[in-house]
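Data first, discussion second: the structure below is written as structure tokens.
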Amino acid sequence: VFVRKRPLFKHEVDNFEFDVVTACPGNNRRTKKEGVGYPNMKKVVVHDARMHTDMIRQFMNHNEFEFDRVFDESADNDTVYACAARPLVDIAVKGGFSTCMVYGQTGSGKTFTMKSIYDSAARDVFAQLER
């Protein structure tokens with residue numbers, strides 16, 4: 001399971017909203033296979049603001065979740081495609097079956113990410129079939 005974190009939108013920053021998710025590296029290795037020169041991140045931390053029962057004091061929970069791969073807000077579409085979807089295209093072109101599915105809250109970037117993946121996958125499928 002791969003996770004992509006989107007950056008805050010300008011209107012969120014302008015309204016002084018805070019980022020509730022942080023992408024964290026599993027380690028700091030950078031290898032071509034594991035990330036096309038991108039840090040090998042494997043964890044997200046969700047910062048959950050809560051109120052004490054007295055409804056006066058606030059506190060923050062930090063919930064950690066580990067995944068096969070995490071892309072932070074600086075990851076571009078080409079990096080996400082190369083790591084997450086390109087291996088699936090290679091399997092499909094060789095006659096196998098593969099699926100890339102996205103899931104997430106409205107406004108989390110699913111369409112933005114998948115449009116890029118569709119474009120890159122179509123380009124790569126036809127390029128490989130022409131060989």
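So you can find residues: chains in the structure tokens are A, B, ... in the order shown, residues in each start at 1, and ligands are numbered from 1 in order.
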
Under the rule of at most 12 Å, produce a per-residue listing of region 69-92 of chain A near region 5-23 of chain A: chain, number, name, the closest pair of atoms, and the distance in Å, as a Markdown table, using only C-alpha atoms.
```
| residue | atom | partner | partner_atom | distance |
| --- | --- | --- | --- | --- |
| A:Arg69 | CA | A:Ala23 | CA | 10.0 |
| A:Val70 | CA | A:Ala23 | CA | 6.6 |
| A:Phe71 | CA | A:Lys5 | CA | 6.1 |
| A:Asp72 | CA | A:Lys5 | CA | 5.1 |
| A:Glu73 | CA | A:Pro7 | CA | 4.8 |
| A:Ser74 | CA | A:Pro7 | CA | 7.7 |
| A:Ala75 | CA | A:Lys5 | CA | 8.6 |
| A:Asp76 | CA | A:Arg6 | CA | 10.3 |
| A:Asn77 | CA | A:Arg6 | CA | 11.3 |
| A:Val80 | CA | A:Lys5 | CA | 11.0 |
```

If we count only C-alpha atoms, what is near Val46 (chain A) at a cut-off of 9 Å, once residues fewer than 2 positions away on the same chain are taken out, given as a PDB file with N, CA, C and O atoms, in the first residue's frame?
```
ATOM      1  N   VAL A  20      -2.010  18.395   9.246  1.00  0.00           N
ATOM      2  CA  VAL A  20      -2.302  17.347  10.222  1.00  0.00           C
ATOM      3  C   VAL A  20      -1.602  16.031   9.908  1.00  0.00           C
ATOM      4  O   VAL A  20      -1.747  15.069  10.653  1.00  0.00           O
ATOM      5  N   VAL A  21      -0.839  15.979   8.811  1.00  0.00           N
ATOM      6  CA  VAL A  21      -0.149  14.753   8.432  1.00  0.00           C
ATOM      7  C   VAL A  21       1.310  15.067   8.143  1.00  0.00           C
ATOM      8  O   VAL A  21       1.622  16.048   7.469  1.00  0.00           O
ATOM      9  N   THR A  22       2.196  14.229   8.654  1.00  0.00           N
ATOM     10  CA  THR A  22       3.618  14.342   8.370  1.00  0.00           C
ATOM     11  C   THR A  22       4.105  13.015   7.807  1.00  0.00           C
ATOM     12  O   THR A  22       3.805  11.959   8.359  1.00  0.00           O
ATOM     13  N   VAL A  44       3.472   7.606   8.062  1.00  0.00           N
ATOM     14  CA  VAL A  44       2.806   8.895   8.211  1.00  0.00           C
ATOM     15  C   VAL A  44       2.389   9.044   9.667  1.00  0.00           C
ATOM     16  O   VAL A  44       2.071   8.064  10.342  1.00  0.00           O
ATOM     17  N   ASP A  48      -3.704  14.718  15.655  1.00  0.00           N
ATOM     18  CA  ASP A  48      -5.131  14.797  15.959  1.00  0.00           C
ATOM     19  C   ASP A  48      -5.355  15.712  17.164  1.00  0.00           C
ATOM     20  O   ASP A  48      -5.078  15.332  18.295  1.00  0.00           O
ATOM     21  N   ASN A  61      -2.908  14.276  19.901  1.00  0.00           N
ATOM     22  CA  ASN A  61      -2.527  12.871  19.719  1.00  0.00           C
ATOM     23  C   ASN A  61      -1.717  12.769  18.438  1.00  0.00           C
ATOM     24  O   ASN A  61      -2.052  13.413  17.443  1.00  0.00           O
ATOM     25  N   HIS A  62      -0.689  11.956  18.461  1.00  0.00           N
ATOM     26  CA  HIS A  62       0.122  11.712  17.265  1.00  0.00           C
ATOM     27  C   HIS A  62       0.017  10.218  16.965  1.00  0.00           C
ATOM     28  O   HIS A  62       0.574   9.395  17.684  1.00  0.00           O
ATOM     29  N   ASN A  63      -0.716   9.890  15.906  1.00  0.00           N
ATOM     30  CA  ASN A  63      -0.951   8.496  15.541  1.00  0.00           C
ATOM     31  C   ASN A  63      -0.075   8.127  14.350  1.00  0.00           C
ATOM     32  O   ASN A  63      -0.132   8.776  13.310  1.00  0.00           O
ATOM     33  N   GLU A  64       0.737   7.086  14.508  1.00  0.00           N
ATOM     34  CA  GLU A  64       1.655   6.659  13.455  1.00  0.00           C
ATOM     35  C   GLU A  64       1.075   5.474  12.693  1.00  0.00           C
ATOM     36  O   GLU A  64       0.504   4.562  13.284  1.00  0.00           O
ATOM     37  N   PHE A  65       1.249   5.521  11.358  1.00  0.00           N
ATOM     38  CA  PHE A  65       0.807   4.438  10.492  1.00  0.00           C
ATOM     39  C   PHE A  65       1.933   4.114   9.527  1.00  0.00           C
ATOM     40  O   PHE A  65       2.533   5.005   8.938  1.00  0.00           O
TER      41      PHE A  65
END
```

One decimal place gives the CA of Phe97 (chain A)-CA of Met41 (chain A) separation as 26.8 Å

Members of chain A assigned helix (DSSP H, G or I) by DSSP, as a count of residues only: 47

Set the distance at 10 Å and use only C-alpha atoms: which residues neighbour Tyr118 (chain A) once local chain neighbours fewer than 6 positions away are removed? I'd like the list as a list in words.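 Using only C-alpha atoms, the neighbours found are Tyr81, Ala85 and Asp124 of chain A.
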
Please dump the current selection as a PDB file, in the first residue's frame; keep N, CA, C and O atoms.
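Generated output (out35.pdb):
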```
ATOM      1  N   TYR A  81       4.509   7.831 -10.155  1.00  0.00           N
ATOM      2  CA  TYR A  81       4.258   6.855 -11.219  1.00  0.00           C
ATOM      3  C   TYR A  81       5.383   5.818 -11.285  1.00  0.00           C
ATOM      4  O   TYR A  81       5.119   4.611 -11.337  1.00  0.00           O
ATOM      5  N   ALA A  85       3.198   2.824 -10.013  1.00  0.00           N
ATOM      6  CA  ALA A  85       2.399   2.274 -11.114  1.00  0.00           C
ATOM      7  C   ALA A  85       3.217   1.659 -12.241  1.00  0.00           C
ATOM      8  O   ALA A  85       2.751   0.727 -12.899  1.00  0.00           O
ATOM      9  N   ASP A 124       3.635   4.476 -21.722  1.00  0.00           N
ATOM     10  CA  ASP A 124       4.544   3.351 -21.540  1.00  0.00           C
ATOM     11  C   ASP A 124       4.011   2.049 -22.141  1.00  0.00           C
ATOM     12  O   ASP A 124       4.781   1.258 -22.679  1.00  0.00           O
TER      13      ASP A 124
END
```

Taking only C-alpha atoms into account, which of A:Lys42, A:His47, A:Thr53, A:Ala84 comes nearest Ile117 (chain A)?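 Among the listed residues, the smallest separation from Ile117 (chain A) belongs to A:Ala84.
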
What does the distance between CA of Gly95 (chain A) and CA of Asp119 (chain A) come to in Å, to one decimal place? 20.2 Å

Given only C-alpha atoms as the basis, pick out the residue of A:Cys24, A:Val3, A:Arg50, A:Ala121 nearest to Asp90 (chain A).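 Selected residue with least distance to Asp90 (chain A): A:Ala121.
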
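The gap separating CA of Arg4 (chain A) from CA of Lys110 (chain A) is 9.1 Å, in Å to one decimal.
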
Run DSSP on the backbone of this structure and report the residues of chain A it assigns to strand (DSSP E), as number ranges by chain. A: 2-4, 21-25, 41-51, 58-71

Writing out the chosen residues with N, CA and C atoms as an mmCIF file, in the first residue's frame:
```
data_model
loop_
_atom_site.group_PDB
_atom_site.id
_atom_site.type_symbol
_atom_site.label_atom_id
_atom_site.label_comp_id
_atom_site.auth_asym_id
_atom_site.auth_seq_id
_atom_site.Cartn_x
_atom_site.Cartn_y
_atom_site.Cartn_z
ATOM 1 N N PHE A 2 0.651 2.122 -0.956
ATOM 2 C CA PHE A 2 1.394 3.369 -1.064
ATOM 3 C C PHE A 2 0.482 4.526 -0.657
ATOM 4 N N VAL A 3 1.067 5.549 -0.079
ATOM 5 C CA VAL A 3 0.320 6.726 0.361
ATOM 6 C C VAL A 3 0.981 7.966 -0.231
ATOM 7 N N ARG A 4 0.148 8.880 -0.724
ATOM 8 C CA ARG A 4 0.660 10.164 -1.191
ATOM 9 C C ARG A 4 0.000 11.274 -0.386
ATOM 10 N N VAL A 21 -0.839 15.979 8.811
ATOM 11 C CA VAL A 21 -0.149 14.753 8.432
ATOM 12 C C VAL A 21 1.310 15.067 8.143
ATOM 13 N N THR A 22 2.196 14.229 8.654
ATOM 14 C CA THR A 22 3.618 14.342 8.370
ATOM 15 C C THR A 22 4.105 13.015 7.807
ATOM 16 N N ALA A 23 4.824 13.078 6.691
ATOM 17 C CA ALA A 23 5.451 11.887 6.117
ATOM 18 C C ALA A 23 6.833 11.730 6.739
ATOM 19 N N CYS A 24 7.156 10.514 7.152
ATOM 20 C CA CYS A 24 8.426 10.256 7.832
ATOM 21 C C CYS A 24 9.180 9.128 7.132
ATOM 22 N N PRO A 25 10.496 9.265 7.038
ATOM 23 C CA PRO A 25 11.275 8.209 6.396
ATOM 24 C C PRO A 25 11.371 6.961 7.255
ATOM 25 N N MET A 41 10.454 6.730 2.259
ATOM 26 C CA MET A 41 9.564 7.019 3.379
ATOM 27 C C MET A 41 8.543 5.905 3.530
ATOM 28 N N LYS A 42 8.253 5.555 4.773
ATOM 29 C CA LYS A 42 7.355 4.441 5.019
ATOM 30 C C LYS A 42 6.307 4.725 6.090
ATOM 31 N N LYS A 43 6.299 5.918 6.648
ATOM 32 C CA LYS A 43 5.416 6.173 7.780
ATOM 33 C C LYS A 43 4.741 7.528 7.624
ATOM 34 N N VAL A 44 3.472 7.606 8.062
ATOM 35 C CA VAL A 44 2.806 8.895 8.211
ATOM 36 C C VAL A 44 2.389 9.044 9.667
ATOM 37 N N VAL A 45 2.436 10.273 10.138
ATOM 38 C CA VAL A 45 1.968 10.595 11.474
ATOM 39 C C VAL A 45 0.794 11.552 11.309
ATOM 40 N N VAL A 46 -0.347 11.184 11.883
ATOM 41 C CA VAL A 46 -1.535 12.019 11.853
ATOM 42 C C VAL A 46 -1.627 12.734 13.200
ATOM 43 N N HIS A 47 -1.655 14.058 13.132
ATOM 44 C CA HIS A 47 -1.708 14.894 14.329
ATOM 45 C C HIS A 47 -3.170 15.244 14.593
ATOM 46 N N ASP A 48 -3.704 14.718 15.655
ATOM 47 C CA ASP A 48 -5.131 14.797 15.959
ATOM 48 C C ASP A 48 -5.355 15.712 17.164
ATOM 49 N N ALA A 49 -5.842 16.938 16.902
ATOM 50 C CA ALA A 49 -6.086 17.903 17.989
ATOM 51 C C ALA A 49 -7.376 17.523 18.717
ATOM 52 N N ARG A 50 -7.302 17.487 20.032
ATOM 53 C CA ARG A 50 -8.446 17.103 20.872
ATOM 54 C C ARG A 50 -8.624 18.092 22.015
ATOM 55 N N MET A 51 -9.774 18.035 22.634
ATOM 56 C CA MET A 51 -10.064 18.835 23.827
ATOM 57 C C MET A 51 -10.157 17.903 25.027
ATOM 58 N N GLN A 58 -6.544 21.991 25.404
ATOM 59 C CA GLN A 58 -6.395 21.151 24.223
ATOM 60 C C GLN A 58 -5.179 20.243 24.396
ATOM 61 N N PHE A 59 -5.190 19.133 23.669
ATOM 62 C CA PHE A 59 -4.009 18.284 23.604
ATOM 63 C C PHE A 59 -3.940 17.675 22.212
ATOM 64 N N MET A 60 -2.799 17.117 21.900
ATOM 65 C CA MET A 60 -2.573 16.585 20.561
ATOM 66 C C MET A 60 -2.198 15.118 20.645
ATOM 67 N N ASN A 61 -2.908 14.276 19.901
ATOM 68 C CA ASN A 61 -2.527 12.871 19.719
ATOM 69 C C ASN A 61 -1.717 12.769 18.438
ATOM 70 N N HIS A 62 -0.689 11.956 18.461
ATOM 71 C CA HIS A 62 0.122 11.712 17.265
ATOM 72 C C HIS A 62 0.017 10.218 16.965
ATOM 73 N N ASN A 63 -0.716 9.890 15.906
ATOM 74 C CA ASN A 63 -0.951 8.496 15.541
ATOM 75 C C ASN A 63 -0.075 8.127 14.350
ATOM 76 N N GLU A 64 0.737 7.086 14.508
ATOM 77 C CA GLU A 64 1.655 6.659 13.455
ATOM 78 C C GLU A 64 1.075 5.474 12.693
ATOM 79 N N PHE A 65 1.249 5.521 11.358
ATOM 80 C CA PHE A 65 0.807 4.438 10.492
ATOM 81 C C PHE A 65 1.933 4.114 9.527
ATOM 82 N N GLU A 66 2.219 2.832 9.368
ATOM 83 C CA GLU A 66 3.302 2.411 8.496
ATOM 84 C C GLU A 66 2.738 1.801 7.215
ATOM 85 N N PHE A 67 3.388 2.107 6.083
ATOM 86 C CA PHE A 67 2.963 1.625 4.775
ATOM 87 C C PHE A 67 4.173 1.106 4.013
ATOM 88 N N ASP A 68 3.917 0.514 2.855
ATOM 89 C CA ASP A 68 5.017 0.050 2.015
ATOM 90 C C ASP A 68 5.836 1.227 1.489
ATOM 91 N N ARG A 69 5.142 2.324 1.227
ATOM 92 C CA ARG A 69 5.821 3.517 0.686
ATOM 93 C C ARG A 69 4.959 4.740 0.951
ATOM 94 N N VAL A 70 5.595 5.851 1.299
ATOM 95 C CA VAL A 70 4.900 7.115 1.535
ATOM 96 C C VAL A 70 5.566 8.194 0.692
ATOM 97 N N PHE A 71 4.767 8.952 -0.029
ATOM 98 C CA PHE A 71 5.253 10.091 -0.807
ATOM 99 C C PHE A 71 4.804 11.361 -0.101
#
```

Out of A:Met114, A:Val89, A:Val125, A:Cys83, which residue has the shortest atom-to-atom distance to Val1 (chain A) when counting only C-alpha atoms?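 Smallest distance to Val1 (chain A) is found for A:Cys83.
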
Which neighbours of Ser98 (chain A) fall inside 7 Å, counting only C-alpha atoms, when residues of the same chain fewer than 3 positions from it are skipped, and could you give them as a ChimeraX atom specification? /A:88,91-92
